file data_34.cif (mmCIF, C-alpha atoms and all ligand atoms)
data_query
#
loop_
_atom_site.label_atom_id
_atom_site.label_comp_id
_atom_site.auth_asym_id
_atom_site.auth_seq_id
_atom_site.Cartn_x
_atom_site.Cartn_y
_atom_site.Cartn_z
CA MET A 10 -15.14 28.89 -11.05
CA SER A 11 -14.69 27.49 -14.57
CA LEU A 12 -12.67 24.35 -15.18
CA HIS A 13 -9.82 26.31 -16.73
CA ALA A 14 -9.78 28.78 -13.85
CA LYS A 15 -9.50 25.86 -11.38
CA LEU A 16 -6.70 24.24 -13.35
CA ALA A 17 -4.84 27.53 -13.66
CA ALA A 18 -5.21 28.13 -9.91
CA ALA A 19 -3.73 24.70 -9.13
CA LEU A 20 -0.79 25.41 -11.43
CA LYS A 21 -0.29 28.84 -9.88
CA SER A 22 -0.28 27.28 -6.44
CA ARG A 23 2.44 24.88 -7.55
CA GLU A 24 4.33 27.81 -9.06
CA ASN A 25 4.18 29.67 -5.73
CA ARG A 26 5.44 26.62 -3.85
CA LEU A 27 8.28 26.16 -6.39
CA ILE A 28 7.05 22.68 -7.33
CA ARG A 29 5.54 23.36 -10.75
CA ARG A 30 6.73 20.80 -13.28
CA ARG A 31 7.83 21.95 -16.72
CA LEU A 32 9.35 20.36 -19.79
CA ALA A 33 12.95 21.38 -20.36
CA ASP A 34 13.79 23.31 -23.50
CA PRO A 35 15.29 20.65 -25.80
CA ASP A 36 17.86 23.10 -27.17
CA ALA A 37 18.94 24.41 -23.78
CA ASP A 38 20.08 20.97 -22.54
CA ALA A 39 21.81 19.78 -25.68
CA ASP A 40 25.35 20.93 -24.86
CA LEU A 41 25.32 20.22 -21.14
CA VAL A 42 27.20 17.30 -19.63
CA ASP A 43 24.60 14.67 -18.81
CA PHE A 44 24.33 14.08 -15.07
CA HIS A 45 20.60 13.54 -15.07
CA THR A 46 19.27 10.95 -17.52
CA ASN A 47 18.71 7.25 -16.78
CA ASP A 48 20.88 6.32 -19.76
CA TYR A 49 23.35 4.83 -17.25
CA LEU A 50 25.40 2.82 -19.74
CA SER A 51 25.41 5.66 -22.31
CA LEU A 52 24.03 3.13 -24.80
CA SER A 53 21.73 5.69 -26.38
CA HIS A 54 24.87 7.38 -27.74
CA SER A 55 26.70 4.19 -28.66
CA HIS A 56 27.65 4.20 -32.36
CA ASP A 57 28.11 0.44 -32.22
CA LEU A 58 24.61 -0.15 -30.87
CA ARG A 59 23.15 2.25 -33.41
CA ARG A 60 24.93 0.44 -36.27
CA HIS A 61 23.86 -2.95 -34.93
CA PHE A 62 20.26 -1.77 -34.63
CA LEU A 63 20.12 -0.31 -38.15
CA HIS A 64 21.66 -3.49 -39.55
CA LYS A 65 19.10 -5.73 -37.81
CA LEU A 66 16.26 -3.37 -38.63
CA ALA A 67 17.11 -3.46 -42.34
CA ARG A 68 16.84 -7.26 -42.24
CA ALA A 69 13.80 -7.56 -39.98
CA PRO A 70 10.76 -9.09 -41.71
CA GLU A 71 8.48 -6.59 -39.99
CA VAL A 72 9.36 -3.11 -38.80
CA LEU A 73 6.37 -0.80 -38.65
CA GLY A 74 3.56 -0.93 -36.10
CA SER A 75 2.47 -4.14 -34.42
CA GLY A 76 -1.11 -4.34 -35.56
CA GLY A 77 -2.83 -4.22 -32.19
CA SER A 78 -2.90 -5.61 -28.69
CA ARG A 79 -0.78 -8.68 -27.99
CA LEU A 80 -4.01 -10.64 -27.66
CA LEU A 81 -5.03 -9.61 -31.16
CA VAL A 82 -1.66 -9.98 -32.91
CA ASN A 83 1.11 -12.02 -31.32
CA GLY A 84 4.05 -11.08 -33.56
CA HIS A 85 6.90 -13.57 -34.04
CA ALA A 86 9.38 -10.95 -32.84
CA HIS A 87 7.44 -10.29 -29.64
CA ALA A 88 7.08 -13.98 -28.83
CA ALA A 89 10.76 -14.65 -29.64
CA LEU A 90 11.91 -11.80 -27.41
CA GLU A 91 9.95 -13.26 -24.49
CA THR A 92 11.47 -16.70 -25.04
CA ARG A 93 14.91 -15.12 -25.14
CA LEU A 94 14.34 -13.06 -22.00
CA ALA A 95 12.97 -16.01 -20.02
CA ALA A 96 16.15 -17.95 -20.86
CA PHE A 97 18.52 -15.01 -20.27
CA PHE A 98 17.06 -14.21 -16.87
CA ASP A 99 16.54 -17.88 -15.92
CA SER A 100 12.81 -17.47 -15.42
CA PRO A 101 10.02 -19.94 -16.20
CA ALA A 102 8.17 -17.29 -18.22
CA ALA A 103 8.34 -13.70 -19.44
CA LEU A 104 5.71 -11.20 -20.53
CA VAL A 105 6.56 -7.95 -22.32
CA PHE A 106 4.63 -4.76 -21.51
CA ASN A 107 4.74 -1.40 -23.29
CA SER A 108 6.41 0.26 -20.31
CA GLY A 109 7.48 -0.37 -16.75
CA LEU A 110 4.58 1.75 -15.60
CA ASP A 111 2.13 -0.47 -17.52
CA ALA A 112 3.78 -3.57 -16.10
CA ASN A 113 3.55 -2.45 -12.47
CA VAL A 114 0.02 -1.13 -12.91
CA GLY A 115 -1.01 -4.34 -14.67
CA PHE A 116 0.54 -6.65 -12.09
CA PHE A 117 -0.53 -4.90 -8.90
CA SER A 118 -4.04 -4.08 -10.10
CA CYS A 119 -4.96 -7.70 -10.83
CA VAL A 120 -2.72 -10.28 -9.16
CA PRO A 121 -3.53 -9.62 -5.45
CA GLN A 122 -6.84 -11.38 -4.70
CA PRO A 123 -9.58 -10.29 -2.29
CA GLY A 124 -8.35 -10.89 1.25
CA ASP A 125 -4.68 -10.53 0.25
CA VAL A 126 -2.34 -7.86 1.58
CA VAL A 127 0.24 -5.69 -0.20
CA VAL A 128 3.18 -4.32 1.73
CA TYR A 129 5.60 -1.93 0.07
CA ASP A 130 8.74 0.03 0.81
CA GLU A 131 7.80 3.67 1.53
CA TYR A 132 9.96 4.77 -1.43
CA ILE A 133 8.31 2.44 -3.95
CA HIS A 134 7.68 3.84 -7.41
CA ALA A 135 4.46 5.70 -8.27
CA SER A 136 3.44 2.96 -10.72
CA VAL A 137 3.05 0.43 -7.86
CA HIS A 138 0.82 2.92 -6.05
CA ASP A 139 -1.25 3.34 -9.20
CA GLY A 140 -1.57 -0.43 -9.51
CA VAL A 141 -2.62 -1.17 -5.95
CA ARG A 142 -5.09 1.73 -5.96
CA ALA A 143 -6.88 0.05 -8.85
CA SER A 144 -6.74 -3.40 -7.17
CA ARG A 145 -9.18 -5.37 -5.04
CA VAL A 146 -7.08 -4.87 -1.90
CA THR A 147 -7.29 -1.11 -1.43
CA ASP A 148 -8.16 -1.68 2.25
CA ALA A 149 -5.07 -3.83 2.81
CA LEU A 150 -2.10 -1.70 1.75
CA PHE A 151 0.77 -1.07 4.17
CA SER A 152 4.13 0.62 3.85
CA PHE A 153 7.32 -0.02 5.81
CA GLU A 154 10.30 2.23 6.43
CA HIS A 155 12.68 2.44 3.54
CA ASN A 156 15.01 -0.58 3.44
CA SER A 157 14.30 -1.31 7.13
CA LEU A 158 14.18 -5.01 7.96
CA ALA A 159 13.08 -4.14 11.49
CA SER A 160 10.13 -2.11 10.24
CA LEU A 161 9.18 -4.79 7.69
CA GLY A 162 9.49 -7.58 10.28
CA GLU A 163 7.33 -5.73 12.79
CA LEU A 164 4.66 -5.07 10.16
CA LEU A 165 4.63 -8.67 8.95
CA LEU A 166 4.27 -10.02 12.50
CA ARG A 167 1.40 -7.65 13.18
CA LEU A 168 -0.37 -8.60 9.95
CA LEU A 169 0.07 -12.30 10.70
CA SER A 170 -1.40 -11.90 14.16
CA GLU A 171 -4.36 -9.84 12.89
CA ARG A 172 -5.22 -11.88 9.78
CA PRO A 173 -5.93 -15.58 10.19
CA GLY A 174 -6.00 -16.06 6.39
CA LEU A 175 -2.32 -15.19 6.24
CA ARG A 176 -1.55 -17.75 8.96
CA THR A 177 -3.54 -20.56 7.29
CA GLY A 178 -2.14 -19.74 3.85
CA ASP A 179 -5.60 -18.99 2.39
CA ASN A 180 -4.52 -15.43 1.68
CA SER A 181 -1.28 -14.09 0.27
CA LEU A 182 0.97 -11.26 1.25
CA PHE A 183 2.97 -9.41 -1.41
CA VAL A 184 6.05 -7.37 -0.62
CA ALA A 185 6.96 -4.81 -3.28
CA VAL A 186 10.51 -3.46 -3.40
CA GLU A 187 12.94 -1.95 -5.89
CA THR A 188 16.48 -3.22 -6.08
CA LEU A 189 18.12 0.17 -6.71
CA TYR A 190 15.97 3.10 -5.58
CA SER A 191 15.79 5.87 -8.13
CA MET A 192 15.92 8.91 -5.87
CA ASP A 193 18.39 7.66 -3.24
CA GLY A 194 20.72 5.19 -4.90
CA THR A 195 20.00 2.80 -2.04
CA ILE A 196 20.01 -0.95 -2.60
CA ALA A 197 17.40 -3.20 -1.02
CA PRO A 198 18.60 -5.94 1.38
CA LEU A 199 17.00 -8.51 -0.89
CA THR A 200 18.43 -11.71 0.55
CA GLN A 201 17.38 -10.75 4.08
CA ILE A 202 13.90 -9.80 2.89
CA VAL A 203 13.53 -13.18 1.16
CA GLU A 204 14.75 -14.98 4.29
CA LEU A 205 12.35 -13.01 6.49
CA LEU A 206 9.41 -13.81 4.23
CA GLU A 207 10.29 -17.49 4.01
CA SER A 208 10.69 -17.80 7.77
CA LEU A 209 7.41 -16.02 8.62
CA PHE A 210 5.36 -17.46 5.77
CA SER A 211 6.41 -21.08 5.80
CA ARG A 212 3.30 -22.04 3.79
CA GLY A 213 4.79 -20.16 0.84
CA ASN A 214 2.14 -17.42 0.79
CA GLY A 215 4.58 -14.51 1.29
CA HIS A 216 5.58 -13.30 -2.18
CA LEU A 217 8.34 -10.88 -3.11
CA VAL A 218 7.89 -8.70 -6.19
CA VAL A 219 11.04 -6.93 -7.28
CA ASP A 220 11.36 -3.88 -9.51
CA GLU A 221 14.80 -3.87 -11.18
CA ALA A 222 14.12 -0.79 -13.36
CA HIS A 223 17.31 1.03 -12.31
CA ALA A 224 19.46 -2.05 -11.78
CA THR A 225 18.87 -3.56 -15.23
CA GLY A 226 22.08 -3.62 -17.23
CA VAL A 227 24.08 -2.19 -14.31
CA TYR A 228 24.28 -4.97 -11.72
CA GLY A 229 24.59 -8.73 -11.87
CA PRO A 230 26.17 -11.07 -14.41
CA GLN A 231 25.91 -9.43 -17.86
CA GLY A 232 23.55 -6.85 -16.35
CA ARG A 233 20.88 -9.34 -15.27
CA GLY A 234 20.13 -7.35 -12.13
CA MET A 235 20.34 -7.85 -8.38
CA VAL A 236 18.09 -10.92 -8.13
CA ALA A 237 20.45 -12.76 -10.48
CA LYS A 238 23.52 -11.37 -8.71
CA LEU A 239 22.25 -12.82 -5.43
CA GLY A 240 20.96 -16.06 -6.96
CA LEU A 241 17.37 -15.43 -5.84
CA GLU A 242 15.64 -16.23 -9.14
CA ARG A 243 13.59 -19.07 -7.67
CA ARG A 244 12.72 -17.24 -4.45
CA VAL A 245 10.85 -14.24 -5.87
CA LEU A 246 7.38 -14.32 -7.42
CA ALA A 247 8.05 -11.72 -10.08
CA ARG A 248 10.76 -9.39 -11.36
CA LEU A 249 10.37 -6.29 -13.48
CA HIS A 250 13.07 -5.20 -15.89
CA THR A 251 12.57 -2.05 -17.94
CA PHE A 252 14.15 -1.32 -21.30
CA GLY A 253 13.91 2.46 -21.22
CA LYS A 254 16.74 3.30 -18.85
CA ALA A 255 20.16 1.64 -19.20
CA LEU A 256 19.03 -0.34 -22.26
CA ALA A 257 18.26 2.69 -24.45
CA GLY A 258 14.95 1.28 -25.62
CA SER A 259 11.41 1.29 -24.30
CA GLY A 260 9.07 -1.26 -22.80
CA ALA A 261 9.48 -3.72 -19.94
CA VAL A 262 9.28 -7.38 -19.06
CA ILE A 263 7.77 -9.20 -16.11
CA LEU A 264 9.60 -12.43 -15.31
CA THR A 265 7.44 -14.87 -13.42
CA ASP A 266 5.92 -18.35 -13.59
CA GLU A 267 3.52 -19.65 -16.25
CA VAL A 268 0.38 -19.32 -14.11
CA VAL A 269 1.02 -15.69 -13.19
CA ARG A 270 1.91 -14.90 -16.82
CA ASP A 271 -1.29 -16.51 -18.04
CA TYR A 272 -3.30 -14.64 -15.40
CA LEU A 273 -1.74 -11.32 -16.48
CA LEU A 274 -2.62 -12.08 -20.11
CA ASN A 275 -6.23 -12.52 -19.01
CA TYR A 276 -6.62 -9.77 -16.43
CA ALA A 277 -3.94 -7.06 -16.76
CA ARG A 278 -5.83 -4.25 -18.44
CA SER A 279 -2.65 -2.29 -19.21
CA LEU A 280 -1.58 -5.23 -21.40
CA ILE A 281 -4.92 -6.23 -22.87
CA TYR A 282 -6.31 -2.85 -23.87
CA THR A 283 -3.31 -1.31 -25.58
CA THR A 284 -1.44 -1.73 -28.87
CA SER A 285 1.76 -3.66 -28.24
CA LEU A 286 5.24 -2.24 -28.94
CA THR A 287 6.10 -1.77 -32.62
CA TYR A 288 8.32 -4.33 -34.34
CA ALA A 289 11.07 -1.71 -34.62
CA ASN A 290 10.88 -1.30 -30.88
CA ILE A 291 11.27 -5.03 -30.33
CA VAL A 292 14.29 -5.10 -32.67
CA ALA A 293 15.88 -2.28 -30.65
CA VAL A 294 15.37 -4.16 -27.38
CA ASP A 295 16.75 -7.34 -28.92
CA CYS A 296 19.89 -5.43 -29.95
CA SER A 297 20.37 -4.09 -26.42
CA PHE A 298 20.18 -7.64 -25.11
CA ASP A 299 22.83 -8.63 -27.69
CA PHE A 300 25.01 -6.02 -25.98
CA LEU A 301 24.27 -7.50 -22.56
CA GLU A 302 25.07 -11.02 -23.77
CA ASN A 303 28.28 -10.10 -25.58
CA GLY A 304 29.70 -8.46 -22.44
CA ILE A 305 29.89 -4.89 -23.81
CA ALA A 306 27.26 -3.67 -21.38
CA GLN A 307 29.09 -5.27 -18.46
CA GLU A 308 32.30 -3.46 -19.42
CA ARG A 309 30.35 -0.21 -19.49
CA ALA A 310 28.74 -1.01 -16.15
CA SER A 311 32.16 -1.59 -14.54
CA LYS A 312 33.36 1.76 -15.82
CA LEU A 313 30.18 3.43 -14.58
CA LEU A 314 30.51 1.96 -11.08
CA ALA A 315 34.18 2.96 -10.87
CA LEU A 316 33.25 6.53 -11.85
CA SER A 317 30.56 6.50 -9.19
CA LEU A 318 33.04 5.60 -6.43
CA ARG A 319 35.44 8.24 -7.74
CA PHE A 320 32.74 10.93 -7.61
CA ILE A 321 31.51 9.96 -4.14
CA ASP A 322 35.03 9.86 -2.68
CA ARG A 323 36.12 13.08 -4.40
CA LEU A 324 33.04 14.99 -3.27
CA GLN A 325 33.21 13.67 0.29
CA SER A 326 36.87 14.59 0.70
CA LEU A 327 36.25 18.12 -0.64
CA ILE A 328 33.28 18.54 1.71
CA THR A 329 35.43 17.46 4.66
CA TRP A 330 38.44 19.56 3.60
CA HIS A 331 36.35 22.74 3.27
CA SER A 332 34.22 21.97 6.37
CA ILE A 333 31.03 22.45 4.37
CA PRO A 334 27.95 22.42 6.63
CA ALA A 335 25.60 19.50 5.94
CA ALA A 336 22.74 21.90 5.17
CA LEU A 337 24.68 23.09 2.14
CA LEU A 338 26.06 19.81 0.83
CA SER A 339 26.11 16.28 2.17
CA LEU A 340 26.12 12.71 0.97
CA PRO A 341 23.92 10.05 2.59
CA PRO A 342 25.62 7.67 5.04
CA HIS A 343 25.06 4.61 2.84
CA LEU A 344 27.46 6.13 0.31
CA THR A 345 30.14 7.30 2.69
CA ALA A 346 30.30 4.51 5.30
CA ALA A 347 33.48 2.64 4.47
CA GLU A 348 32.30 -0.74 5.77
CA LEU A 349 29.71 -1.00 3.00
CA GLY A 350 32.48 -1.72 0.50
CA GLY A 351 31.70 -2.28 -3.20
CA GLU A 352 27.93 -1.87 -2.93
CA ARG A 353 28.46 1.88 -2.44
CA ALA A 354 28.93 2.09 -6.18
CA THR A 355 25.67 3.27 -7.69
CA PRO A 356 24.84 5.29 -10.76
CA ILE A 357 22.47 7.41 -8.65
CA VAL A 358 24.06 9.76 -6.12
CA PRO A 359 21.78 12.09 -4.15
CA VAL A 360 23.59 15.20 -2.92
CA PHE A 361 21.50 16.65 -0.11
CA THR A 362 21.20 20.42 0.08
CA SER A 363 18.67 22.90 1.40
CA ALA A 364 19.06 24.89 -1.83
CA PRO A 365 18.76 22.39 -4.69
CA ARG A 366 17.60 24.89 -7.31
CA PRO A 367 20.45 27.42 -6.83
CA LEU A 368 22.97 24.57 -6.76
CA SER A 369 21.55 23.07 -9.95
CA ALA A 370 21.56 26.52 -11.60
CA HIS A 371 25.22 27.00 -10.60
CA LEU A 372 26.10 23.68 -12.25
CA ARG A 373 24.08 24.51 -15.35
CA ALA A 374 25.95 27.80 -15.73
CA ARG A 375 29.13 25.70 -15.78
CA GLY A 376 27.85 23.35 -18.47
CA MET A 377 26.53 20.51 -16.28
CA ASN A 378 23.00 19.19 -16.05
CA ALA A 379 22.13 17.70 -12.63
CA ARG A 380 18.53 18.20 -11.57
CA PRO A 381 17.08 19.53 -8.32
CA ILE A 382 14.63 17.11 -6.70
CA THR A 383 12.24 18.49 -4.12
CA TRP A 384 9.03 17.60 -2.33
CA PRO A 385 6.60 16.05 -3.37
CA THR A 386 8.96 13.75 -5.32
CA VAL A 387 11.04 13.24 -2.15
CA PRO A 388 10.02 13.71 1.52
CA LYS A 389 10.09 17.23 2.96
CA GLY A 390 13.52 18.13 4.37
CA LEU A 391 15.30 15.75 1.99
CA ASP A 392 15.71 18.08 -0.99
CA ARG A 393 18.66 17.22 -3.16
CA VAL A 394 20.44 17.50 -6.43
CA ARG A 395 20.36 14.02 -7.89
CA VAL A 396 23.45 13.07 -9.83
CA CYS A 397 23.05 10.29 -12.38
CA LEU A 398 26.38 9.04 -13.67
CA HIS A 399 27.00 7.43 -17.04
CA ALA A 400 29.54 5.08 -18.52
CA ASP A 401 30.62 7.76 -21.01
CA ASN A 402 31.18 10.47 -18.41
CA SER A 403 34.90 11.20 -18.24
CA LEU A 404 37.01 11.40 -15.08
CA GLU A 405 37.48 15.11 -15.75
CA GLU A 406 33.72 15.65 -15.94
CA VAL A 407 33.11 13.79 -12.72
CA ASP A 408 35.90 15.61 -10.87
CA GLY A 409 34.66 18.90 -12.33
CA LEU A 410 31.18 18.20 -10.99
CA ALA A 411 32.48 17.60 -7.45
CA ARG A 412 34.59 20.77 -7.64
CA ALA A 413 31.73 22.89 -8.95
CA MET A 414 29.41 21.70 -6.17
CA VAL A 415 31.95 22.58 -3.52
CA GLU A 416 32.74 25.91 -5.18
CA TRP A 417 29.03 26.78 -4.92
CA ALA A 418 28.87 25.69 -1.28
CA THR A 419 31.95 27.65 -0.22
CA GLY A 420 30.41 30.72 -1.88
CA GLN A 421 27.33 30.30 0.34
CA MET A 422 29.28 29.83 3.57
CA PRO A 423 29.67 33.51 4.67
CA ALA A 424 25.86 33.93 4.50
CA VAL A 425 25.30 30.66 6.37
CA ARG A 426 27.83 31.59 9.09
CA ALA A 427 26.21 35.06 9.48
CA GLN A 428 22.82 33.42 9.85
CA GLU A 429 24.20 31.01 12.46
CA ARG A 430 25.70 33.94 14.44
CA THR A 431 22.36 35.81 14.37
CA LEU A 432 20.49 32.74 15.57
CA SER A 433 23.00 32.15 18.37
CA LEU A 434 22.78 35.82 19.49
CA GLN A 435 18.98 35.62 19.43
CA SER A 436 19.02 32.48 21.56
CA LYS A 437 21.16 34.26 24.20
CA LEU A 438 18.85 37.30 24.48
C1 LIG B 1 11.43 2.06 -10.13
C2 LIG B 1 10.70 2.28 -11.41
N1 LIG B 1 9.79 1.37 -11.80
C3 LIG B 1 9.10 1.52 -12.93
C4 LIG B 1 9.30 2.61 -13.75
C5 LIG B 1 8.50 2.76 -15.00
O1 LIG B 1 9.25 2.33 -16.09
P1 LIG B 1 8.99 2.91 -17.54
O2 LIG B 1 9.77 4.17 -17.64
O3 LIG B 1 9.44 1.85 -18.47
O4 LIG B 1 7.51 3.17 -17.63
C6 LIG B 1 10.25 3.56 -13.41
C7 LIG B 1 10.50 4.72 -14.29
O5 LIG B 1 10.42 5.85 -13.97
C8 LIG B 1 10.96 3.41 -12.19
O6 LIG B 1 11.85 4.33 -11.79
#

call {"tool": "encode", "arguments": {"input": "data_34.cif", "output": "structure tokens"}}
result
Amino acid sequence: MSLHAKLAAALKSRENRLIRRRLADPDADADLVDFHTNDYLSLSHSHDLRRHFLHKLARAPEVLGSGGSRLLVNGHAHAALETRLAAFFDSPAALVFNSGLDANVGFFSCVPQPGDVVVYDEYIHASVHDGVRASRVTDALFSFEHNSLASLGELLLRLLSERPGLRTGDNSLFVAVETLYSMDGTIAPLTQIVELLESLFSRGNGHLVVDEAHATGVYGPQGRGMVAKLGLERRVLARLHTFGKALAGSGAVILTDEVVRDYLLNYARSLIYTTSLTYANIVAVDCSFDFLENGIAQERASKLLALSLRFIDRLQSLITWHSIPAALLSLPPHLTAAELGGERATPIVPVFTSAPRPLSAHLRARGMNARPITWPTVPKGLDRVRVCLHADNSLEEVDGLARAMVEWATGQMPAVRAQERTLSLQSKL
């Protein structure tokens, strides 16, 4: 079979399994209410930020290109942004990458040394997988159950008993987690993970690496993220913040100590062998951080989190009122359990359904864009429509979304009930 025939067959197979990826038509989405982008603070539509950016851009000494890799040309703007970010996030050092993907790939492919072990949450982002696969520890990668301290603890104890180097401190163990998980809206129990690591690795060779991609701008003082919110800055080895989601820019920063930064500069191929972000890009990021520092982003984040609670509560009460079966629509327990309090507020709300595509199509026909997410992006049986909320969504839009979801589900109920009756009759025969 020719190459093109093989590629076409793979695509056809995805088509048949309803998992073929496609780019959306840019015109088709333009007028839909945004319930799907990562632009959580709606900063990409902020006239104030746009004005601020154009003003700074007009005065910037350099705007176009960057001239090459950071190691070839270390622009003033790039260096100044890192100094600013290290101070803002209270970190000894900062290193800017072209994207969060580059940062994770760069870090995880080079920092773990032979004999070290990497342990990661089962829902960790693809970029961490790409990094560790290119590392020198491909035979020492272990996952633990999502957000489960019990599963992590068990794994760490087993690794300690099997690997003397971890007990003596000659080898290191890295734990990779996200603070806010992108598909589930779950928040990692960071403080407990830090405490567990410190208690089991008293020689200081258990290192936490935290990906704040979805928490940046949304949580913590002035949007500094969960590590800052919990005061854990000195107890994690490295933090990743990305600029492409809530900050309406592109690129990312790794916050860490001087030695790790220097090592990345020498060994992280995704930093060394690529042209660094353009000056215009750096100006844009700088402007977004002005909006974090001046408190505007925090105001937007508060509005966003209030909208999130409103949506969750509205949808849950409609589901209960209409007795919608869980197979049609349900929210995960971490969003509905009352005892969790404020932390339920998250810009990412997964609405589980066995029919994510029809539900998403129903919403689209009513002017709303919330995307279906299916296997292989999420585990089998956990298909969903993922709702991403934004600071500029209105109360009416959010209420309308909950109503439209329930309207779709109630329309499906006669068919579901008939199916249940058939199954129950069959089981009695
Ligand atoms: C958790 C997480 N980490 C890293 C990345 C990569 O960031 P970027 O989009 O800047 O490459 C993403 C983006 O999809 C993400 O969701």

call {"tool": "atom_distance", "arguments": {"input": "data_34.cif", "atom1": "atom CA of A:Ser181", "atom2": "atom CA of A:Thr283"}}
result
28.9 Å

call {"tool": "residues_near_ligand", "arguments": {"input": "data_34.cif", "ligand": "ligand LIG 1 (chain B)", "cutoff": "8 Å", "atoms": "only C-alpha atoms and all ligand atoms", "output": "list in words"}}
result
Asn107, Ser108, Gly109, Leu110, Asp111, Ala112, Asn113, Ile133, His134, Ala135, Ser136, Val137, Glu187, Leu189, Tyr190, Ser191, Asp220, Glu221, Ala222, His223, Leu249, Thr251, Phe252, Gly253, Lys254, Ser259, Gly260 and Ala261 of chain A

call {"tool": "closest_residue", "arguments": {"input": "data_34.cif", "among": "A:Ala335, A:Val236, A:Cys119, A:Ala159", "to": "A:Arg142", "atoms": "only C-alpha atoms"}}
result
A:Cys119

call {"tool": "residues_around", "arguments": {"input": "data_34.cif", "residues": "stretch 298-307 of chain A", "least_positions_apart": "5", "cutoff": "9 Å", "atoms": "only C-alpha atoms", "output": "PyMOL selection string"}}
result
chain A and resi 50+52+58+94+97+226-233+256+293+312

call {"tool": "closest_atom_pairs", "arguments": {"input": "data_34.cif", "of": "stretch 253-355 of chain A", "to": "stretch 363-372 of chain A", "cutoff": "12 Å", "atoms": "all atoms listed in the file", "output": "Markdown table"}}
result
| residue | atom | partner | partner_atom | distance |
| --- | --- | --- | --- | --- |
| A:Pro334 | CA | A:Ser363 | CA | 10.7 |
| A:Ala335 | CA | A:Ser363 | CA | 9.0 |
| A:Ala336 | CA | A:Ser363 | CA | 5.6 |
| A:Leu337 | CA | A:Ser363 | CA | 6.1 |
| A:Leu338 | CA | A:Ser363 | CA | 8.0 |
| A:Ser339 | CA | A:Ser363 | CA | 10.0 |

call {"tool": "closest_residue", "arguments": {"input": "data_34.cif", "among": "A:Val407, A:Ala33, A:Leu175, A:Ala277", "to": "A:Val105", "atoms": "all atoms listed in the file"}}
result
A:Ala277

call {"tool": "residues_around", "arguments": {"input": "data_34.cif", "residues": "A:Asp392", "least_positions_apart": "5", "cutoff": "10 Å", "atoms": "all atoms listed in the file", "output": "PDB file with C-alpha atoms, in the frame of the given file"}}
result
ATOM      1  CA  PRO A 359      21.780  12.090  -4.150  1.00  0.00           C
ATOM      2  CA  VAL A 360      23.590  15.200  -2.920  1.00  0.00           C
ATOM      3  CA  PHE A 361      21.500  16.650  -0.110  1.00  0.00           C
ATOM      4  CA  THR A 362      21.200  20.420   0.080  1.00  0.00           C
ATOM      5  CA  SER A 363      18.670  22.900   1.400  1.00  0.00           C
ATOM      6  CA  ALA A 364      19.060  24.890  -1.830  1.00  0.00           C
ATOM      7  CA  PRO A 365      18.760  22.390  -4.690  1.00  0.00           C
ATOM      8  CA  ARG A 366      17.600  24.890  -7.310  1.00  0.00           C
ATOM      9  CA  PRO A 381      17.080  19.530  -8.320  1.00  0.00           C
ATOM     10  CA  ILE A 382      14.630  17.110  -6.700  1.00  0.00           C
ATOM     11  CA  THR A 383      12.240  18.490  -4.120  1.00  0.00           C
ATOM     12  CA  TRP A 384       9.030  17.600  -2.330  1.00  0.00           C
ATOM     13  CA  PRO A 385       6.600  16.050  -3.370  1.00  0.00           C
ATOM     14  CA  THR A 386       8.960  13.750  -5.320  1.00  0.00           C
ATOM     15  CA  VAL A 387      11.040  13.240  -2.150  1.00  0.00           C
TER      16      VAL A 387
END

call {"tool": "closest_residue", "arguments": {"input": "data_34.cif", "among": "A:Val72, A:Ala400, A:Leu206, A:Met422", "to": "A:Glu308", "atoms": "only C-alpha atoms"}}
result
A:Ala400

call {"tool": "residues_around", "arguments": {"input": "data_34.cif", "residues": "A:Arg31", "least_positions_apart": "5", "cutoff": "12 Å", "atoms": "only C-alpha atoms", "output": "number ranges by chain"}}
result
A: 20, 23-24
